[in-house]
Amino acid sequence: MKTGVCYYPEHWPESQWATDAQHMRKLGLSMVRIGEFAWSRLEPKADDYQFDWLDRAIDTLHDAKLEVILGTPTATPPAWLIRSNPDMLAVDENGQTREFGSRRHYCFSSQPYRLECERIVTKLAQRYGKHPAISAWQTDNEYGCHSTSISYSVAALNAFQLWCEQTYGSIDTLNKAWGNVFWSMEYNDFSQIGVPVGTVTESNPAHRLAYWRFSSAQIKSFNKLQVDIIRQHAPGRDVVHNFMGNFVEFDHFDVADDLDVASWDNYPLGFLTRDGTNEEDQRRYFRTGHPDSSSFHHDLYRACGKGRMWLMEQQPGPVNWAPYNPAPLPGMVRLWGWEAFAHGAEVVSYFRWRQAPFAQEQMHAGLCLPNGDEDDAAVEVKVLSDEIKQLAHIEHNMQAADVALVFDYAGDQAARIQQPDGRHYDPLVFVQRVYSAARQLGVAVDIVSSQADLSPYKLILLANVAVSDAALASQLEKTSAHIMLFPRSGSKTTECSVPKQLAPGAFQQLINIKVSRVESLPASVELVTEKKSTTIDWRERVEADFAAQDVFEDGWGFHYTQGRTHYINACPDQPTLIKLIAARLLECHLDYMDLGPDLRISKRGKLTLAFNYGPKPVHLPNDILAHFGYENTTGFALGSASISPGEIAAWQSS
Ligand code: GAL
């Protein structure tokens with residue numbers, strides 16, 4: 001694994017570049033991402049290309065033996081460009097144009113903007129494609145950030161009408177597929193279709209899911225346009241994009257399919273305070289991030305990148321964009337780096353080299369302070385870089401896990417769009433809770449797409465596959481794995497309506513049950529079963545010609561099993577989830593160890609790493625050490641059996 005950093009030479013006097021580059025080397029960094037927001041400096045006026053400074057910046061980094069990741073600048077079209085054609089701007093759901101003056105203001109559907117992107121990316125790729133310093137290219141920056149995946153502009157509407165025509169063929173087919181007879185929503189013509197916002201009350205869920213699919217396809221084609229140009233001029237270089245955390249606004253498997261590597265941007269403290277739902281966790285982990293948040297995304301993006309995953313931006317200190325922005329616990333920067341390694345990262349790169357003293361992100365920490373002095377993270381990054389080299393000789397090939405969690409972006413959307421008002425049920429939070437339960441039990445989890453080869457797995461979990469998927473059901477049937485379906489599985493068609501055969505739709509091929517009623521529950525309500533399982537948020541009534549394993553107080557069944565398939569018809573609370581998954585692991589003859597809430601253990605090849613996310617020291621007992629292949633003869637490669645908060649231990653197993 002290499003370490004790197006995001007750098008903005010255009011923010012600093014040129015006289016400082018060489019010193020910065022030397023300093024980066026001193027910290028053990030070997031990769032530098034540059035350029036992704038520099039359009040106004042690369043082309044200050046139409047067709048006035050100013051690449052000399054970038055030539056010199058790249059050469060300076062190259063002279064210091066740093067590899068460069070060059071970003072395309074398309075996330076920040078400059079003022080002159082936008083003012084020349086305001087149709088390039090995106091429009092939000094209130095019909096408000098997204099003004100120039102920050103970033104990501106463009107609309108993916110604007111054809112004139114695509115032409116401009118094609119032009120600037122071609123120029124850059126022609127000039128730098130074969131530059132020896134540049135080993136990778138990043139397309140754009142964080143597709144979808146600041147709610148920009150979906151635009152409601154005229155350009156988007158026109159493209160959507162065309163997409164509908166290509167997808168459905170005839171307007172009658174579309175009307176039927178969407179159920180437009182309801183409320184007289186039928187169209188005579190594709191040109192009558194609008195965007196699914198601004199309606200008096202909720203717009204048709206089919207319309208919304210179709211708009212989501214369309215928007216996702218727009219991002220894919222926007223990205224592919226750049227990838228194709230880069231591939232043509234920059235042979236042998238990796239093409240990557242930096243995806244975000246806790247983000248499901250488009251199908252990342254689909255977009256990443258055109259890339260060599262899926263990289264992502266990890267801000268564990270920002271995510272916890274911005275996206276976290278659980279106050280207790282927010283208090284406990286405010287300086288560490290949730291113990292399963294980073295690893296969840298590593299595993300997800302490793303799947304998106306078909307085995308190849310980088311961290312393009314890793315949080316080094318307080319950020320500026322969450323509701324509150326605490327400093328990481330000392331040690332966490334090193335811990336997050338090692339954890340990324342344990343989950344297969346090839347690169348961990350920090351955001352950013354030096355804190356900017358001006359503009360929007362002046363309150364965002366970097367590895368160095370605005371005056372150039374090292375900030376706290378610099379020391380930990382140096383330690384990490386050294387340790388990675390020190391342990392590089394230990395075999396560290398990634399191995400397939402025994403447990404797979406199928407992740408489905410369209411399923412997430414379908415569940416999100418209509419749930420009838422179960423506002424505490426969030427499909428992404430739920431899928432993360434399932435992942436977390438398995439991780440607390442000490443097992444590795446591969447997150448996989450619904451199209452992945454499922455044959456290697458012994459236990460397969462489906463927690464956000466709300467869209468009925470016959471191909472997936474057949475794939476699952478062919479495996480010999482035990483299967484666990486959670487509520488809402490297969491409860492919608494691809495057009496976001498109820499499947500003819502009722503939920504779980506095509507998954508009835510695996511378990512012969514029917515969901516005849518669903519209910520969403522107030523946050524304060526917990527429903528308890530005879531066997532002391534507790535459920536929250538959501539519950540379903542299931543019809544089956546066999547008995548449930550357990551029963552709620554009001555007689556509704558809970559947990560149905562047929563053959564090797566289990567259907568869990570309510571959202572278990574975390575202890576229940578852990579209990580249910582533990583029982584499935586036993587069934588599959590997979591050993592597990594309950595590590596408790598704070599300790600996590602990950603294995604990469606022969607190296608095993610333990611991480612303490614909790615507020616107190618953790619002592620690794622002998623049974624845990626033995627379970628994870630610790631041998632007294634070799635001892636600890638890093639740390640010891642007693643792990644302080646924010647610390648790690650590592651050992652080599654045979
Ligand atoms: C990311 C973005 C960076 C920077 C960073 C701050 O979302 O890609 O450019 O803004 O957040 O945390």
# chains A, B, ... in the order shown; residues from 1 in each chain; ligands from 1
>>> select_by_dssp(residues="range 106-175 of chain A", states="strand (DSSP E)", output="tab-separated table (two decimals) with N, CA, C and O atoms, in the first residue's frame")
chain	number	residue	atom	x	y	z
A	134	ILE	N	3.04	10.59	-14.28
A	134	ILE	CA	1.61	10.39	-14.02
A	134	ILE	C	1.24	8.91	-14.13
A	134	ILE	O	1.32	8.32	-15.19
A	135	SER	N	0.87	8.35	-13.00
A	135	SER	CA	0.56	6.92	-13.00
A	135	SER	C	-0.95	6.69	-12.98
A	135	SER	O	-1.39	5.57	-13.20
A	136	ALA	N	-1.73	7.72	-12.69
A	136	ALA	CA	-3.18	7.51	-12.64
A	136	ALA	C	-3.90	8.82	-12.94
A	136	ALA	O	-3.35	9.91	-12.76
A	137	TRP	N	-5.14	8.67	-13.36
A	137	TRP	CA	-6.01	9.81	-13.65
A	137	TRP	C	-7.28	9.68	-12.82
A	137	TRP	O	-7.83	8.59	-12.71
A	138	GLN	N	-7.70	10.81	-12.29
A	138	GLN	CA	-9.00	10.83	-11.60
A	138	GLN	C	-9.99	11.59	-12.46
A	138	GLN	O	-9.73	12.74	-12.85
>>> select_by_dssp(residues="range 29-259 of chain A", states="alpha helix (DSSP H)", output="VMD selection string")
chain A and resid 39 to 42 52 to 63 79 to 84 111 to 128 154 to 168 171 to 178 205 to 233 252 to 256
>>> closest_atom_pairs(of="chain A", to="ligand 1", cutoff="9 Å", atoms="only C-alpha atoms and all ligand atoms", output="Markdown table")
| residue | atom | partner | partner_atom_place_in_ligand_line | distance |
| --- | --- | --- | --- | --- |
| A:Cys6 | CA | ligand 1 | 9 (O) | 8.9 |
| A:Glu36 | CA | ligand 1 | 9 (O) | 8.4 |
| A:Phe37 | CA | ligand 1 | 9 (O) | 8.2 |
| A:Asn141 | CA | ligand 1 | 8 (O) | 5.9 |
| A:Glu142 | CA | ligand 1 | 8 (O) | 5.6 |
| A:Cys145 | CA | ligand 1 | 7 (O) | 6.7 |
| A:His146 | CA | ligand 1 | 7 (O) | 8.6 |
| A:Asn242 | CA | ligand 1 | 8 (O) | 7.4 |
| A:Phe243 | CA | ligand 1 | 8 (O) | 8.5 |
| A:Met244 | CA | ligand 1 | 7 (O) | 7.1 |
| A:Asp265 | CA | ligand 1 | 1 (C) | 6.7 |
| A:Asn266 | CA | ligand 1 | 1 (C) | 8.6 |
| A:Tyr267 | CA | ligand 1 | 12 (O) | 6.9 |
| A:Gly270 | CA | ligand 1 | 12 (O) | 8.2 |
| A:Met312 | CA | ligand 1 | 8 (O) | 8.7 |
| A:Glu313 | CA | ligand 1 | 8 (O) | 7.1 |
| A:Gln314 | CA | ligand 1 | 12 (O) | 8.6 |
| A:Gln315 | CA | ligand 1 | 12 (O) | 7.1 |
| A:Pro318 | CA | ligand 1 | 12 (O) | 8.9 |
| A:Val319 | CA | ligand 1 | 12 (O) | 5.6 |
| A:Asn320 | CA | ligand 1 | 12 (O) | 6.8 |
| A:Trp321 | CA | ligand 1 | 12 (O) | 6.9 |
| A:Phe351 | CA | ligand 1 | 5 (C) | 6.7 |
| A:Arg352 | CA | ligand 1 | 4 (C) | 8.2 |
| A:Gln360 | CA | ligand 1 | 10 (O) | 8.7 |
| A:Glu361 | CA | ligand 1 | 10 (O) | 7.0 |
| A:His364 | CA | ligand 1 | 6 (C) | 6.8 |
| A:Ala365 | CA | ligand 1 | 12 (O) | 8.8 |
>>> closest_residue(among="A:Glu395, A:His207, A:Asp373, A:Asn94", to="His23 in chain A", atoms="only C-alpha atoms")
A:Asp373
>>> closest_residue(among="A:Leu521, A:Leu620, A:Leu476, A:Leu329", to="Gln509 in chain A", atoms="only C-alpha atoms")
A:Leu476
>>> residues_around(residues="Glu477 in chain A", least_positions_apart="6", cutoff="10 Å", atoms="only C-alpha atoms", output="VMD selection string")
chain A and resid 471 483 507 509 to 510 564 to 565
>>> atom_distance(atom1="CA of Ala414 in chain A", atom2="CA of Cys496 in chain A")
6.0 Å
>>> residues_around(residues="Leu428 in chain A", least_positions_apart="6", cutoff="8 Å", atoms="only C-alpha atoms", output="count of residues only")
4
>>> atom_distance(atom1="CA of Phe160 in chain A", atom2="CA of Val91 in chain A")
14.2 Å
>>> residues_around(residues="Trp39 in chain A", least_positions_apart="2", cutoff="10 Å", atoms="only C-alpha atoms", output="list in words")
Gly35, Glu36, Phe37, Arg41, Leu42, Glu43, Pro44, Lys45, Tyr49, Gln50, Thr72, Pro73, Thr74, Ala75, Thr76, Pro77, Pro78 and Ile120 of chain A
>>> residues_around(residues="Trp538 in chain A", least_positions_apart="3", cutoff="12 Å", atoms="only C-alpha atoms", output="ChimeraX atom specification")
/A:415,419-427,430,486-488,517-523,525-527,534-535,541,568-573
>>> write_last_selection(atoms="C-alpha atoms", output="PDB file, in the first residue's frame")
ATOM      1  CA  ALA A 415     -37.153   1.062  -0.424  1.00  0.00           C
ATOM      2  CA  GLN A 419     -41.916   2.941   2.840  1.00  0.00           C
ATOM      3  CA  PRO A 420     -45.028   4.303   3.804  1.00  0.00           C
ATOM      4  CA  ASP A 421     -43.618   7.031   5.929  1.00  0.00           C
ATOM      5  CA  GLY A 422     -41.410   4.807   8.045  1.00  0.00           C
ATOM      6  CA  ARG A 423     -39.101   7.711   8.589  1.00  0.00           C
ATOM      7  CA  HIS A 424     -36.779   5.928  10.993  1.00  0.00           C
ATOM      8  CA  TYR A 425     -36.167   3.077   8.607  1.00  0.00           C
ATOM      9  CA  ASP A 426     -33.271   3.925   6.326  1.00  0.00           C
ATOM     10  CA  PRO A 427     -32.184   1.144   3.981  1.00  0.00           C
ATOM     11  CA  PHE A 430     -30.050  -0.960   8.012  1.00  0.00           C
ATOM     12  CA  PHE A 486     -34.273  -9.219   5.629  1.00  0.00           C
ATOM     13  CA  PRO A 487     -37.562  -7.294   5.491  1.00  0.00           C
ATOM     14  CA  ARG A 488     -38.562  -5.642   2.232  1.00  0.00           C
ATOM     15  CA  ARG A 517     -49.243  -6.653   5.440  1.00  0.00           C
ATOM     16  CA  VAL A 518     -46.462  -4.204   6.330  1.00  0.00           C
ATOM     17  CA  GLU A 519     -46.301  -1.593   9.057  1.00  0.00           C
ATOM     18  CA  SER A 520     -43.842   1.155   9.911  1.00  0.00           C
ATOM     19  CA  LEU A 521     -43.522   1.977  13.580  1.00  0.00           C
ATOM     20  CA  PRO A 522     -42.860   5.064  15.684  1.00  0.00           C
ATOM     21  CA  ALA A 523     -39.281   5.379  16.905  1.00  0.00           C
ATOM     22  CA  VAL A 525     -41.887   1.399  19.822  1.00  0.00           C
ATOM     23  CA  GLU A 526     -40.070  -1.890  20.347  1.00  0.00           C
ATOM     24  CA  LEU A 527     -41.854  -5.147  19.628  1.00  0.00           C
ATOM     25  CA  THR A 534     -36.619  -7.144  19.840  1.00  0.00           C
ATOM     26  CA  THR A 535     -37.587  -5.405  16.626  1.00  0.00           C
ATOM     27  CA  ARG A 541     -47.118 -10.128   8.446  1.00  0.00           C
ATOM     28  CA  ILE A 568     -36.581 -12.129   8.872  1.00  0.00           C
ATOM     29  CA  ASN A 569     -39.820 -10.174   8.674  1.00  0.00           C
ATOM     30  CA  ALA A 570     -39.036  -7.231  10.981  1.00  0.00           C
ATOM     31  CA  CYS A 571     -36.036  -4.982  11.635  1.00  0.00           C
ATOM     32  CA  PRO A 572     -34.155  -6.510  14.547  1.00  0.00           C
ATOM     33  CA  ASP A 573     -32.450  -4.220  17.025  1.00  0.00           C
TER      34      ASP A 573
END
